[in-house]
Amino acid sequence: MKILMDAGPWLPVPPPGYGGLENVVATLTTELRARGHTVVLASVGDSTLPVDGLVSAFPSGRFEQLGGPYPQVVGTAHAHEQVVLATLAEHALAGEPFDLVHSHVEVIGPALLAGLGDTAPPTLATLHWDTRRNADFWASFDGRGRVWFAGVSDTQVAQAPAALREQVVGVVPLSVPVDGPPPVPRRDRSGSVLVLARLCEPKGIDTALRACRAAGVPLVLAGPVGGLPDRAALEDARATPGHPARSHPDVAWFLEHVDPHLDGVAARWIGSVGGAAKDELLRTSRAVLFPIRWEEPGGTAVCEALAAGTPVVAMARGCLPSLVDDGRTGFLATDEAQFTAALERLDEIDPETCAAEARRRFAPAVMADGYERLYAATLARARASTRSRGRLPSPRRQRALR
């Protein structure tokens with residue numbers, strides 16, 4: 001199968017640090033190509049993933065723009081999608097059309113591809129987000145039998161608007177590489193626990209700070225603030241007139257609720273990490289914390305932690321109960337007191353059990369198997385829709401006529 005894999009214009013694939021979506025794309029693309037599929041990647045110019053072609057509108061990621069003015073964000077996404085549409089046309093005119101587009105671009109990707117109708121290949125779009133964030137769009141969107149969706153967790157799909165659920169062909173949980181070295185024994189790990197995430201209010205960073213302080217456990221924060229990778233970048237941005245970070249809500253929240261509590265010992269921020277540095281951090285931390293206060297749809301970092309043999313302590317929200325076996329691969333909490341108490345029980349969790357469960361559930365082959373099934377389902381539904389078009393209105397149109 002010939003697939004155009006659209007990862008969007010925000011971060012390279014794979015990302016050098018933070019980037020859950022882009023890590024998923026890297027993992028899936030590598031496995032698909034190993035199975036003989038042809039994959040052309042739409043990303044940014046400094047993506048380094050081996051692929052069968054790379055197309056881009058921008059030389060590097062535009063992640064920092066995500067907190068900027070709406071016209072800038074939307075303009076960047078549309079500029080990227082223009083390259084996607086041009087690539088589809090170019091290959092079709094050359095007599096080598098794509099069989100399918102796999103989109104990971106929120107809202108704009110599905111909207112533009114659906115508007116092309118039969119002139120574009122069928123599209124499977126993965127929902128990496130809480131769909132309530134753009135509820136009006138999802139409640140009214142009609143893929144017209146050409147654009148279909150994959151969820152990343154049953155919880156995410158169950159909470160989606162009814163019109164979107166009707167267009168979901170299945171759920172494929174996220175996967176991560178699971179072929180790393182054996183877990184580090186507990187006795188050889190650092191005394192610190194880790195948060196690996198964007199440092200923002202929905203991720204519950206302030207909860208982690210309070211819980212670790214109460215439990216007497218050192219905390220390491222690894223991740224960007226407002227799209228900025230580290231302290232130096234944050235300070236430079238704040239000193240630059242007109243920089244989007246100066247009005248970014250994540251930056252304001254970090255400066256008020258997190259930064260005053262960082263002392264470099266009991267709690268410290270090390271910025272975004274990636275590659276071998278991230279792997280080492282995951283493998284040597286006592287636990288990875290997810291004190292989320294939103295309905296997490298996918299949880300890539302949860303899978304990464306367990307694959308490293310590191311226990312997870314998380315709030316029981318979103319997809320987390322489906323990823324963490326409470327009392328076996330980590331602990332689930334319903335409030336801050338339970339979260340804090342769990343930090344005193346970390347030695348009850350066996351790192352080997354965490355790694356074994358990750359190999360069973362989160363291996364790249366498992367995700368690729370799931371997507372191959374959904375690719376086939378998407379193509380079958382698109383063919384059926386094409387045959388029926390002209391005889392029956394679209395499903396959304398049928399409802400409107402009732």
# chains A, B, ... in the order shown; residues from 1 in each chain; ligands from 1
$ residues_around --residues "His128 (chain A)" --least-positions-apart "5" --cutoff "7 Å" --atoms "only C-alpha atoms" --output "PyMOL selection string"
chain A and resi 152+297-298
$ closest_atom_pairs --of "region 235-348 of chain A" --to "region 164-185 of chain A" --cutoff "7 Å" --atoms "only C-alpha atoms" --output "JSON lines"
{"residue": "A:Arg283", "atom": "CA", "partner": "A:Val184", "partner_atom": "CA", "distance": 6.2}
{"residue": "A:Thr284", "atom": "CA", "partner": "A:Val184", "partner_atom": "CA", "distance": 6.5}
{"residue": "A:Gly298", "atom": "CA", "partner": "A:Leu174", "partner_atom": "CA", "distance": 6.5}
{"residue": "A:Thr300", "atom": "CA", "partner": "A:Leu174", "partner_atom": "CA", "distance": 6.3}
{"residue": "A:Cys303", "atom": "CA", "partner": "A:Val176", "partner_atom": "CA", "distance": 6.5}
{"residue": "A:Glu304", "atom": "CA", "partner": "A:Val176", "partner_atom": "CA", "distance": 6.2}
{"residue": "A:Ala307", "atom": "CA", "partner": "A:Val178", "partner_atom": "CA", "distance": 5.6}
{"residue": "A:Ala308", "atom": "CA", "partner": "A:Pro183", "partner_atom": "CA", "distance": 6.0}
{"residue": "A:Gly309", "atom": "CA", "partner": "A:Pro183", "partner_atom": "CA", "distance": 5.0}
$ residues_around --residues "Pro110 (chain A)" --least-positions-apart "3" --cutoff "10 Å" --atoms "only C-alpha atoms" --output "list of chain:residue names"
A:Val101, A:His102, A:Ser103, A:His104, A:Val105, A:Glu106, A:Val107, A:Leu113, A:Ala114, A:Gly115, A:Thr123, A:Leu124, A:Ala125, A:Thr126, A:Phe141, A:Asp142, A:Gly143, A:Arg146, A:Val147, A:Trp148, A:Phe149
$ residues_around --residues "region 287-289 of chain A" --least-positions-apart "6" --cutoff "8 Å" --atoms "only C-alpha atoms" --output "PyMOL selection string"
chain A and resi 192-196+208+302+305+310-314+346
$ residues_around --residues "Gly216 (chain A)" --least-positions-apart "6" --cutoff "12 Å" --atoms "only C-alpha atoms" --output "JSON, numbers by chain"
{"A": [191, 192, 193, 208, 209, 210, 265, 266, 267, 340, 341, 343, 344]}
$ write_last_selection --atoms "C-alpha atoms" --output "mmCIF file, in the first residue's frame"
data_model
loop_
_atom_site.group_PDB
_atom_site.id
_atom_site.type_symbol
_atom_site.label_atom_id
_atom_site.label_comp_id
_atom_site.auth_asym_id
_atom_site.auth_seq_id
_atom_site.Cartn_x
_atom_site.Cartn_y
_atom_site.Cartn_z
ATOM 1 C CA GLY A 191 15.853 8.634 44.234
ATOM 2 C CA SER A 192 13.852 10.975 41.988
ATOM 3 C CA VAL A 193 10.513 10.634 40.263
ATOM 4 C CA ALA A 208 3.114 16.723 41.383
ATOM 5 C CA LEU A 209 5.060 19.443 43.205
ATOM 6 C CA ARG A 210 2.803 19.331 46.272
ATOM 7 C CA VAL A 265 17.268 19.999 44.534
ATOM 8 C CA ALA A 266 13.849 18.836 45.730
ATOM 9 C CA ALA A 267 12.256 20.034 42.488
ATOM 10 C CA THR A 340 0.694 11.382 47.510
ATOM 11 C CA ALA A 341 0.194 8.087 49.352
ATOM 12 C CA LEU A 343 4.572 7.750 46.219
ATOM 13 C CA GLU A 344 5.300 5.877 49.440
#
$ select_by_dssp --residues "region 34-148 of chain A" --states "alpha helix (DSSP H)" --output "mmCIF file with all heavy atoms, in the first residue's frame"
data_model
loop_
_atom_site.group_PDB
_atom_site.id
_atom_site.type_symbol
_atom_site.label_atom_id
_atom_site.label_comp_id
_atom_site.auth_asym_id
_atom_site.auth_seq_id
_atom_site.Cartn_x
_atom_site.Cartn_y
_atom_site.Cartn_z
ATOM 1 N N ALA A 34 8.703 -1.682 7.276
ATOM 2 C CA ALA A 34 9.286 -3.014 7.451
ATOM 3 C C ALA A 34 8.365 -4.097 6.897
ATOM 4 O O ALA A 34 8.833 -5.184 6.530
ATOM 5 C CB ALA A 34 9.563 -3.271 8.931
ATOM 6 N N TYR A 70 -4.575 33.208 16.633
ATOM 7 C CA TYR A 70 -5.311 32.213 15.851
ATOM 8 C C TYR A 70 -4.976 32.268 14.361
ATOM 9 O O TYR A 70 -4.721 31.220 13.752
ATOM 10 C CB TYR A 70 -6.812 32.405 16.082
ATOM 11 C CG TYR A 70 -7.681 31.553 15.188
ATOM 12 C CD1 TYR A 70 -7.909 30.208 15.482
ATOM 13 C CD2 TYR A 70 -8.282 32.087 14.055
ATOM 14 C CE1 TYR A 70 -8.704 29.427 14.662
ATOM 15 C CE2 TYR A 70 -9.086 31.316 13.235
ATOM 16 C CZ TYR A 70 -9.299 29.987 13.537
ATOM 17 O OH TYR A 70 -10.084 29.220 12.727
ATOM 18 N N PRO A 71 -4.965 33.464 13.717
ATOM 19 C CA PRO A 71 -4.661 33.477 12.275
ATOM 20 C C PRO A 71 -3.295 32.889 11.949
ATOM 21 O O PRO A 71 -3.121 32.245 10.909
ATOM 22 C CB PRO A 71 -4.738 34.969 11.920
ATOM 23 C CG PRO A 71 -5.625 35.567 12.954
ATOM 24 C CD PRO A 71 -5.301 34.809 14.212
ATOM 25 N N GLN A 72 -2.314 33.109 12.820
ATOM 26 C CA GLN A 72 -0.982 32.568 12.568
ATOM 27 C C GLN A 72 -0.985 31.049 12.641
ATOM 28 O O GLN A 72 -0.415 30.372 11.770
ATOM 29 C CB GLN A 72 0.015 33.132 13.579
ATOM 30 C CG GLN A 72 1.446 32.635 13.365
ATOM 31 C CD GLN A 72 2.385 33.102 14.455
ATOM 32 O OE1 GLN A 72 2.030 33.097 15.626
ATOM 33 N NE2 GLN A 72 3.575 33.525 14.064
ATOM 34 N N VAL A 73 -1.620 30.498 13.668
ATOM 35 C CA VAL A 73 -1.666 29.045 13.830
ATOM 36 C C VAL A 73 -2.381 28.396 12.652
ATOM 37 O O VAL A 73 -1.894 27.430 12.048
ATOM 38 C CB VAL A 73 -2.356 28.672 15.157
ATOM 39 C CG1 VAL A 73 -2.495 27.154 15.280
ATOM 40 C CG2 VAL A 73 -1.579 29.226 16.338
ATOM 41 N N VAL A 74 -3.543 28.929 12.313
ATOM 42 C CA VAL A 74 -4.333 28.360 11.215
ATOM 43 C C VAL A 74 -3.609 28.542 9.884
ATOM 44 O O VAL A 74 -3.621 27.653 9.024
ATOM 45 C CB VAL A 74 -5.734 28.990 11.175
ATOM 46 C CG1 VAL A 74 -6.502 28.545 9.943
ATOM 47 C CG2 VAL A 74 -6.509 28.613 12.428
ATOM 48 N N GLY A 75 -2.960 29.693 9.710
ATOM 49 C CA GLY A 75 -2.226 29.913 8.470
ATOM 50 C C GLY A 75 -1.094 28.923 8.290
ATOM 51 O O GLY A 75 -0.863 28.408 7.182
ATOM 52 N N THR A 76 -0.377 28.630 9.373
ATOM 53 C CA THR A 76 0.703 27.652 9.312
ATOM 54 C C THR A 76 0.168 26.274 8.943
ATOM 55 O O THR A 76 0.738 25.568 8.095
ATOM 56 C CB THR A 76 1.436 27.592 10.666
ATOM 57 O OG1 THR A 76 2.049 28.859 10.915
ATOM 58 C CG2 THR A 76 2.497 26.499 10.671
ATOM 59 N N ALA A 77 -0.920 25.875 9.582
ATOM 60 C CA ALA A 77 -1.507 24.560 9.283
ATOM 61 C C ALA A 77 -1.978 24.479 7.834
ATOM 62 O O ALA A 77 -1.780 23.460 7.158
ATOM 63 C CB ALA A 77 -2.659 24.279 10.236
ATOM 64 N N HIS A 78 -2.578 25.549 7.331
ATOM 65 C CA HIS A 78 -3.047 25.532 5.939
ATOM 66 C C HIS A 78 -1.880 25.517 4.954
ATOM 67 O O HIS A 78 -1.968 24.873 3.905
ATOM 68 C CB HIS A 78 -3.949 26.741 5.673
ATOM 69 C CG HIS A 78 -5.370 26.529 6.073
ATOM 70 N ND1 HIS A 78 -5.847 26.820 7.329
ATOM 71 C CD2 HIS A 78 -6.424 26.032 5.376
ATOM 72 C CE1 HIS A 78 -7.132 26.534 7.390
ATOM 73 N NE2 HIS A 78 -7.508 26.039 6.223
ATOM 74 N N ALA A 79 -0.816 26.238 5.267
ATOM 75 C CA ALA A 79 0.350 26.210 4.386
ATOM 76 C C ALA A 79 0.910 24.796 4.282
ATOM 77 O O ALA A 79 1.307 24.331 3.198
ATOM 78 C CB ALA A 79 1.418 27.172 4.895
ATOM 79 N N HIS A 80 0.951 24.102 5.423
ATOM 80 C CA HIS A 80 1.401 22.707 5.414
ATOM 81 C C HIS A 80 0.465 21.840 4.586
ATOM 82 O O HIS A 80 0.919 21.038 3.751
ATOM 83 C CB HIS A 80 1.491 22.188 6.844
ATOM 84 C CG HIS A 80 1.739 20.718 6.926
ATOM 85 N ND1 HIS A 80 3.001 20.162 6.855
ATOM 86 C CD2 HIS A 80 0.876 19.662 7.049
ATOM 87 C CE1 HIS A 80 2.911 18.845 6.927
ATOM 88 N NE2 HIS A 80 1.638 18.519 7.056
ATOM 89 N N GLU A 81 -0.828 21.997 4.783
ATOM 90 C CA GLU A 81 -1.789 21.152 4.064
ATOM 91 C C GLU A 81 -1.795 21.436 2.565
ATOM 92 O O GLU A 81 -2.110 20.552 1.760
ATOM 93 C CB GLU A 81 -3.191 21.332 4.643
ATOM 94 C CG GLU A 81 -3.360 20.730 6.031
ATOM 95 C CD GLU A 81 -3.018 19.240 6.070
ATOM 96 O OE1 GLU A 81 -3.580 18.473 5.285
ATOM 97 O OE2 GLU A 81 -2.155 18.863 6.892
ATOM 98 N N GLN A 82 -1.440 22.660 2.170
ATOM 99 C CA GLN A 82 -1.333 22.948 0.736
ATOM 100 C C GLN A 82 -0.273 22.069 0.092
ATOM 101 O O GLN A 82 -0.443 21.566 -1.021
ATOM 102 C CB GLN A 82 -1.004 24.432 0.537
ATOM 103 C CG GLN A 82 -1.096 24.902 -0.916
ATOM 104 C CD GLN A 82 0.173 24.643 -1.712
ATOM 105 O OE1 GLN A 82 1.270 24.600 -1.135
ATOM 106 N NE2 GLN A 82 0.038 24.463 -3.016
ATOM 107 N N VAL A 83 0.831 21.839 0.817
ATOM 108 C CA VAL A 83 1.878 20.949 0.305
ATOM 109 C C VAL A 83 1.359 19.512 0.243
ATOM 110 O O VAL A 83 1.658 18.770 -0.709
ATOM 111 C CB VAL A 83 3.134 21.047 1.189
ATOM 112 C CG1 VAL A 83 4.155 19.982 0.818
ATOM 113 C CG2 VAL A 83 3.755 22.432 1.067
ATOM 114 N N VAL A 84 0.574 19.113 1.219
ATOM 115 C CA VAL A 84 -0.023 17.771 1.201
ATOM 116 C C VAL A 84 -0.900 17.599 -0.035
ATOM 117 O O VAL A 84 -0.787 16.601 -0.771
ATOM 118 C CB VAL A 84 -0.845 17.529 2.479
ATOM 119 C CG1 VAL A 84 -1.676 16.240 2.367
ATOM 120 C CG2 VAL A 84 0.066 17.451 3.695
ATOM 121 N N LEU A 85 -1.785 18.562 -0.293
ATOM 122 C CA LEU A 85 -2.680 18.462 -1.443
ATOM 123 C C LEU A 85 -1.904 18.482 -2.761
ATOM 124 O O LEU A 85 -2.238 17.748 -3.702
ATOM 125 C CB LEU A 85 -3.702 19.599 -1.419
ATOM 126 C CG LEU A 85 -4.598 19.683 -0.179
ATOM 127 C CD1 LEU A 85 -5.690 20.726 -0.385
ATOM 128 C CD2 LEU A 85 -5.208 18.347 0.173
ATOM 129 N N ALA A 86 -0.854 19.311 -2.828
ATOM 130 C CA ALA A 86 -0.040 19.352 -4.042
ATOM 131 C C ALA A 86 0.670 18.021 -4.271
ATOM 132 O O ALA A 86 0.808 17.566 -5.424
ATOM 133 C CB ALA A 86 0.979 20.496 -3.945
ATOM 134 N N THR A 87 1.112 17.393 -3.190
ATOM 135 C CA THR A 87 1.786 16.096 -3.318
ATOM 136 C C THR A 87 0.818 15.026 -3.824
ATOM 137 O O THR A 87 1.178 14.204 -4.684
ATOM 138 C CB THR A 87 2.372 15.678 -1.955
ATOM 139 O OG1 THR A 87 3.306 16.682 -1.529
ATOM 140 C CG2 THR A 87 3.074 14.329 -2.044
ATOM 141 N N LEU A 88 -0.394 15.035 -3.311
ATOM 142 C CA LEU A 88 -1.399 14.081 -3.796
ATOM 143 C C LEU A 88 -1.642 14.267 -5.287
ATOM 144 O O LEU A 88 -1.700 13.281 -6.049
ATOM 145 C CB LEU A 88 -2.709 14.269 -3.028
ATOM 146 C CG LEU A 88 -2.693 13.950 -1.527
ATOM 147 C CD1 LEU A 88 -4.048 14.277 -0.907
ATOM 148 C CD2 LEU A 88 -2.330 12.495 -1.281
ATOM 149 N N ALA A 89 -1.773 15.522 -5.709
ATOM 150 C CA ALA A 89 -2.020 15.794 -7.132
ATOM 151 C C ALA A 89 -0.837 15.397 -7.998
ATOM 152 O O ALA A 89 -0.998 14.809 -9.078
ATOM 153 C CB ALA A 89 -2.350 17.276 -7.316
ATOM 154 N N GLU A 90 0.364 15.696 -7.526
ATOM 155 C CA GLU A 90 1.575 15.384 -8.293
ATOM 156 C C GLU A 90 1.704 13.879 -8.533
ATOM 157 O O GLU A 90 1.995 13.440 -9.657
ATOM 158 C CB GLU A 90 2.791 15.910 -7.538
ATOM 159 C CG GLU A 90 4.123 15.587 -8.182
ATOM 160 C CD GLU A 90 5.294 16.019 -7.330
ATOM 161 O OE1 GLU A 90 5.108 16.877 -6.451
ATOM 162 O OE2 GLU A 90 6.403 15.482 -7.539
ATOM 163 N N HIS A 91 1.486 13.093 -7.493
ATOM 164 C CA HIS A 91 1.614 11.648 -7.650
ATOM 165 C C HIS A 91 0.488 11.082 -8.516
ATOM 166 O O HIS A 91 0.714 10.134 -9.286
ATOM 167 C CB HIS A 91 1.629 10.977 -6.271
ATOM 168 C CG HIS A 91 2.933 11.115 -5.562
ATOM 169 N ND1 HIS A 91 3.760 10.048 -5.293
ATOM 170 C CD2 HIS A 91 3.594 12.208 -5.080
ATOM 171 C CE1 HIS A 91 4.851 10.466 -4.668
ATOM 172 N NE2 HIS A 91 4.766 11.782 -4.520
ATOM 173 N N ALA A 92 -0.709 11.644 -8.389
ATOM 174 C CA ALA A 92 -1.819 11.169 -9.216
ATOM 175 C C ALA A 92 -1.552 11.468 -10.688
ATOM 176 O O ALA A 92 -1.785 10.610 -11.566
ATOM 177 C CB ALA A 92 -3.118 11.820 -8.760
ATOM 178 N N LEU A 93 -1.065 12.662 -10.999
ATOM 179 C CA LEU A 93 -0.779 13.030 -12.386
ATOM 180 C C LEU A 93 0.343 12.188 -12.971
ATOM 181 O O LEU A 93 0.391 11.965 -14.186
ATOM 182 C CB LEU A 93 -0.422 14.514 -12.471
ATOM 183 C CG LEU A 93 -1.584 15.496 -12.240
ATOM 184 C CD1 LEU A 93 -1.066 16.915 -12.148
ATOM 185 C CD2 LEU A 93 -2.606 15.366 -13.373
ATOM 186 N N ILE A 108 -8.076 20.664 10.490
ATOM 187 C CA ILE A 108 -7.819 21.181 9.149
ATOM 188 C C ILE A 108 -7.528 20.059 8.165
ATOM 189 O O ILE A 108 -7.991 20.090 7.019
ATOM 190 C CB ILE A 108 -6.675 22.210 9.195
ATOM 191 C CG1 ILE A 108 -7.147 23.453 9.942
ATOM 192 C CG2 ILE A 108 -6.203 22.574 7.794
ATOM 193 C CD1 ILE A 108 -6.067 24.472 10.204
ATOM 194 N N GLY A 109 -6.769 19.044 8.591
ATOM 195 C CA GLY A 109 -6.490 17.931 7.686
ATOM 196 C C GLY A 109 -7.751 17.234 7.212
ATOM 197 O O GLY A 109 -8.006 17.151 5.997
ATOM 198 N N PRO A 110 -8.583 16.725 8.120
ATOM 199 C CA PRO A 110 -9.818 16.074 7.683
ATOM 200 C C PRO A 110 -10.737 16.995 6.884
ATOM 201 O O PRO A 110 -11.357 16.568 5.906
ATOM 202 C CB PRO A 110 -10.479 15.647 9.003
ATOM 203 C CG PRO A 110 -9.358 15.526 9.968
ATOM 204 C CD PRO A 110 -8.363 16.586 9.569
ATOM 205 N N ALA A 111 -10.846 18.266 7.284
ATOM 206 C CA ALA A 111 -11.751 19.187 6.612
ATOM 207 C C ALA A 111 -11.367 19.381 5.147
ATOM 208 O O ALA A 111 -12.218 19.309 4.246
ATOM 209 C CB ALA A 111 -11.775 20.523 7.341
ATOM 210 N N LEU A 112 -10.084 19.627 4.886
ATOM 211 C CA LEU A 112 -9.644 19.856 3.511
ATOM 212 C C LEU A 112 -9.749 18.593 2.666
ATOM 213 O O LEU A 112 -10.178 18.635 1.503
ATOM 214 C CB LEU A 112 -8.214 20.383 3.504
ATOM 215 C CG LEU A 112 -8.012 21.796 4.062
ATOM 216 C CD1 LEU A 112 -6.533 22.164 4.046
ATOM 217 C CD2 LEU A 112 -8.803 22.818 3.260
ATOM 218 N N LEU A 113 -9.364 17.467 3.236
ATOM 219 C CA LEU A 113 -9.391 16.222 2.466
ATOM 220 C C LEU A 113 -10.814 15.792 2.169
ATOM 221 O O LEU A 113 -11.112 15.287 1.072
ATOM 222 C CB LEU A 113 -8.631 15.142 3.225
ATOM 223 C CG LEU A 113 -7.113 15.382 3.273
ATOM 224 C CD1 LEU A 113 -6.474 14.555 4.377
ATOM 225 C CD2 LEU A 113 -6.478 15.052 1.928
ATOM 226 N N ALA A 114 -11.734 16.002 3.103
ATOM 227 C CA ALA A 114 -13.131 15.668 2.834
ATOM 228 C C ALA A 114 -13.701 16.548 1.735
ATOM 229 O O ALA A 114 -14.510 16.099 0.912
ATOM 230 C CB ALA A 114 -13.966 15.807 4.101
ATOM 231 N N GLY A 115 -13.275 17.811 1.694
ATOM 232 C CA GLY A 115 -13.772 18.728 0.682
ATOM 233 C C GLY A 115 -13.368 18.348 -0.732
ATOM 234 O O GLY A 115 -14.027 18.740 -1.694
ATOM 235 N N ALA A 135 -15.480 20.807 19.831
ATOM 236 C CA ALA A 135 -16.741 20.058 19.825
ATOM 237 C C ALA A 135 -17.672 20.488 18.703
ATOM 238 O O ALA A 135 -18.344 19.650 18.094
ATOM 239 C CB ALA A 135 -17.435 20.206 21.182
ATOM 240 N N ASP A 136 -17.731 21.782 18.403
ATOM 241 C CA ASP A 136 -18.646 22.245 17.350
ATOM 242 C C ASP A 136 -18.251 21.675 15.992
ATOM 243 O O ASP A 136 -19.110 21.285 15.188
ATOM 244 C CB ASP A 136 -18.656 23.781 17.284
ATOM 245 C CG ASP A 136 -19.365 24.407 18.468
ATOM 246 O OD1 ASP A 136 -20.099 23.675 19.167
ATOM 247 O OD2 ASP A 136 -19.192 25.616 18.703
ATOM 248 N N PHE A 137 -16.951 21.635 15.745
ATOM 249 C CA PHE A 137 -16.496 21.067 14.465
ATOM 250 C C PHE A 137 -16.847 19.591 14.383
ATOM 251 O O PHE A 137 -17.441 19.133 13.397
ATOM 252 C CB PHE A 137 -14.986 21.253 14.314
ATOM 253 C CG PHE A 137 -14.427 20.567 13.095
ATOM 254 C CD1 PHE A 137 -14.501 21.161 11.853
ATOM 255 C CD2 PHE A 137 -13.847 19.298 13.190
ATOM 256 C CE1 PHE A 137 -14.000 20.525 10.720
ATOM 257 C CE2 PHE A 137 -13.338 18.657 12.067
ATOM 258 C CZ PHE A 137 -13.424 19.275 10.825
ATOM 259 N N TRP A 138 -16.479 18.827 15.415
ATOM 260 C CA TRP A 138 -16.701 17.389 15.354
ATOM 261 C C TRP A 138 -18.189 17.039 15.340
ATOM 262 O O TRP A 138 -18.591 16.029 14.754
ATOM 263 C CB TRP A 138 -16.021 16.704 16.532
ATOM 264 C CG TRP A 138 -14.530 16.858 16.543
ATOM 265 C CD1 TRP A 138 -13.778 17.433 17.517
ATOM 266 C CD2 TRP A 138 -13.611 16.447 15.522
ATOM 267 N NE1 TRP A 138 -12.442 17.416 17.179
ATOM 268 C CE2 TRP A 138 -12.314 16.809 15.959
ATOM 269 C CE3 TRP A 138 -13.751 15.815 14.289
ATOM 270 C CZ2 TRP A 138 -11.182 16.556 15.207
ATOM 271 C CZ3 TRP A 138 -12.608 15.558 13.542
ATOM 272 C CH2 TRP A 138 -11.355 15.927 13.990
ATOM 273 N N ALA A 139 -19.011 17.854 15.952
ATOM 274 C CA ALA A 139 -20.449 17.585 15.979
ATOM 275 C C ALA A 139 -21.108 17.818 14.626
ATOM 276 O O ALA A 139 -22.205 17.307 14.366
ATOM 277 C CB ALA A 139 -21.133 18.445 17.035
ATOM 278 N N SER A 140 -20.427 18.587 13.754
ATOM 279 C CA SER A 140 -21.029 18.911 12.457
ATOM 280 C C SER A 140 -20.271 18.326 11.279
ATOM 281 O O SER A 140 -20.769 18.347 10.147
ATOM 282 C CB SER A 140 -21.109 20.438 12.288
ATOM 283 O OG SER A 140 -19.814 21.007 12.310
#
$ select_by_dssp --residues "region 179-327 of chain A" --states "strand (DSSP E or B)" --output "list in words"
Val193, Leu194, Val195, Leu196, Leu219, Val220, Leu221, Ala222, Val225, Leu228, Ala267, Arg268, Trp269, Val288, Leu289, Phe290, Val312, Val313, Ala314, Met315 and Asp326 of chain A
$ closest_residue --among "A:Gly36, A:Gly68, A:Gly145, A:Gly95" --to "Leu379 (chain A)" --atoms "only C-alpha atoms"
A:Gly145
$ closest_residue --among "A:Val324, A:Ala356, A:Cys200, A:Ala277" --to "Glu256 (chain A)" --atoms "only C-alpha atoms"
A:Cys200
$ decode --residues "region 278-289 of chain A" --atoms "N, CA, C and O atoms" --output "PDB file, in the first residue's frame"
ATOM      1  N   LYS A 278      16.588  10.928  27.172  1.00  0.00           N
ATOM      2  CA  LYS A 278      15.238  10.599  27.654  1.00  0.00           C
ATOM      3  C   LYS A 278      15.165   9.140  28.078  1.00  0.00           C
ATOM      4  O   LYS A 278      14.571   8.812  29.120  1.00  0.00           O
ATOM      5  N   ASP A 279      15.732   8.264  27.277  1.00  0.00           N
ATOM      6  CA  ASP A 279      15.715   6.834  27.623  1.00  0.00           C
ATOM      7  C   ASP A 279      16.368   6.598  28.980  1.00  0.00           C
ATOM      8  O   ASP A 279      15.848   5.838  29.810  1.00  0.00           O
ATOM      9  N   GLU A 280      17.499   7.238  29.214  1.00  0.00           N
ATOM     10  CA  GLU A 280      18.211   7.066  30.485  1.00  0.00           C
ATOM     11  C   GLU A 280      17.383   7.603  31.646  1.00  0.00           C
ATOM     12  O   GLU A 280      17.321   6.997  32.723  1.00  0.00           O
ATOM     13  N   LEU A 281      16.755   8.746  31.434  1.00  0.00           N
ATOM     14  CA  LEU A 281      15.929   9.340  32.478  1.00  0.00           C
ATOM     15  C   LEU A 281      14.753   8.434  32.830  1.00  0.00           C
ATOM     16  O   LEU A 281      14.434   8.224  34.009  1.00  0.00           O
ATOM     17  N   LEU A 282      14.101   7.884  31.817  1.00  0.00           N
ATOM     18  CA  LEU A 282      12.982   6.974  32.061  1.00  0.00           C
ATOM     19  C   LEU A 282      13.436   5.714  32.797  1.00  0.00           C
ATOM     20  O   LEU A 282      12.755   5.238  33.713  1.00  0.00           O
ATOM     21  N   ARG A 283      14.582   5.183  32.415  1.00  0.00           N
ATOM     22  CA  ARG A 283      15.038   3.914  32.974  1.00  0.00           C
ATOM     23  C   ARG A 283      15.529   4.036  34.413  1.00  0.00           C
ATOM     24  O   ARG A 283      15.473   3.058  35.171  1.00  0.00           O
ATOM     25  N   THR A 284      15.992   5.225  34.792  1.00  0.00           N
ATOM     26  CA  THR A 284      16.614   5.358  36.111  1.00  0.00           C
ATOM     27  C   THR A 284      15.749   6.092  37.133  1.00  0.00           C
ATOM     28  O   THR A 284      16.136   6.195  38.296  1.00  0.00           O
ATOM     29  N   SER A 285      14.598   6.594  36.723  1.00  0.00           N
ATOM     30  CA  SER A 285      13.697   7.243  37.673  1.00  0.00           C
ATOM     31  C   SER A 285      12.948   6.187  38.490  1.00  0.00           C
ATOM     32  O   SER A 285      12.706   5.062  38.025  1.00  0.00           O
ATOM     33  N   ARG A 286      12.565   6.548  39.692  1.00  0.00           N
ATOM     34  CA  ARG A 286      11.809   5.612  40.537  1.00  0.00           C
ATOM     35  C   ARG A 286      10.401   5.402  39.998  1.00  0.00           C
ATOM     36  O   ARG A 286       9.827   4.316  40.133  1.00  0.00           O
ATOM     37  N   ALA A 287       9.821   6.445  39.405  1.00  0.00           N
ATOM     38  CA  ALA A 287       8.469   6.363  38.843  1.00  0.00           C
ATOM     39  C   ALA A 287       8.283   7.549  37.913  1.00  0.00           C
ATOM     40  O   ALA A 287       9.018   8.545  37.976  1.00  0.00           O
ATOM     41  N   VAL A 288       7.291   7.445  37.033  1.00  0.00           N
ATOM     42  CA  VAL A 288       6.882   8.565  36.191  1.00  0.00           C
ATOM     43  C   VAL A 288       5.467   8.944  36.601  1.00  0.00           C
ATOM     44  O   VAL A 288       4.595   8.078  36.741  1.00  0.00           O
ATOM     45  N   LEU A 289       5.252  10.242  36.784  1.00  0.00           N
ATOM     46  CA  LEU A 289       3.995  10.732  37.346  1.00  0.00           C
ATOM     47  C   LEU A 289       3.114  11.372  36.276  1.00  0.00           C
ATOM     48  O   LEU A 289       3.610  12.101  35.408  1.00  0.00           O
TER      49      LEU A 289
END
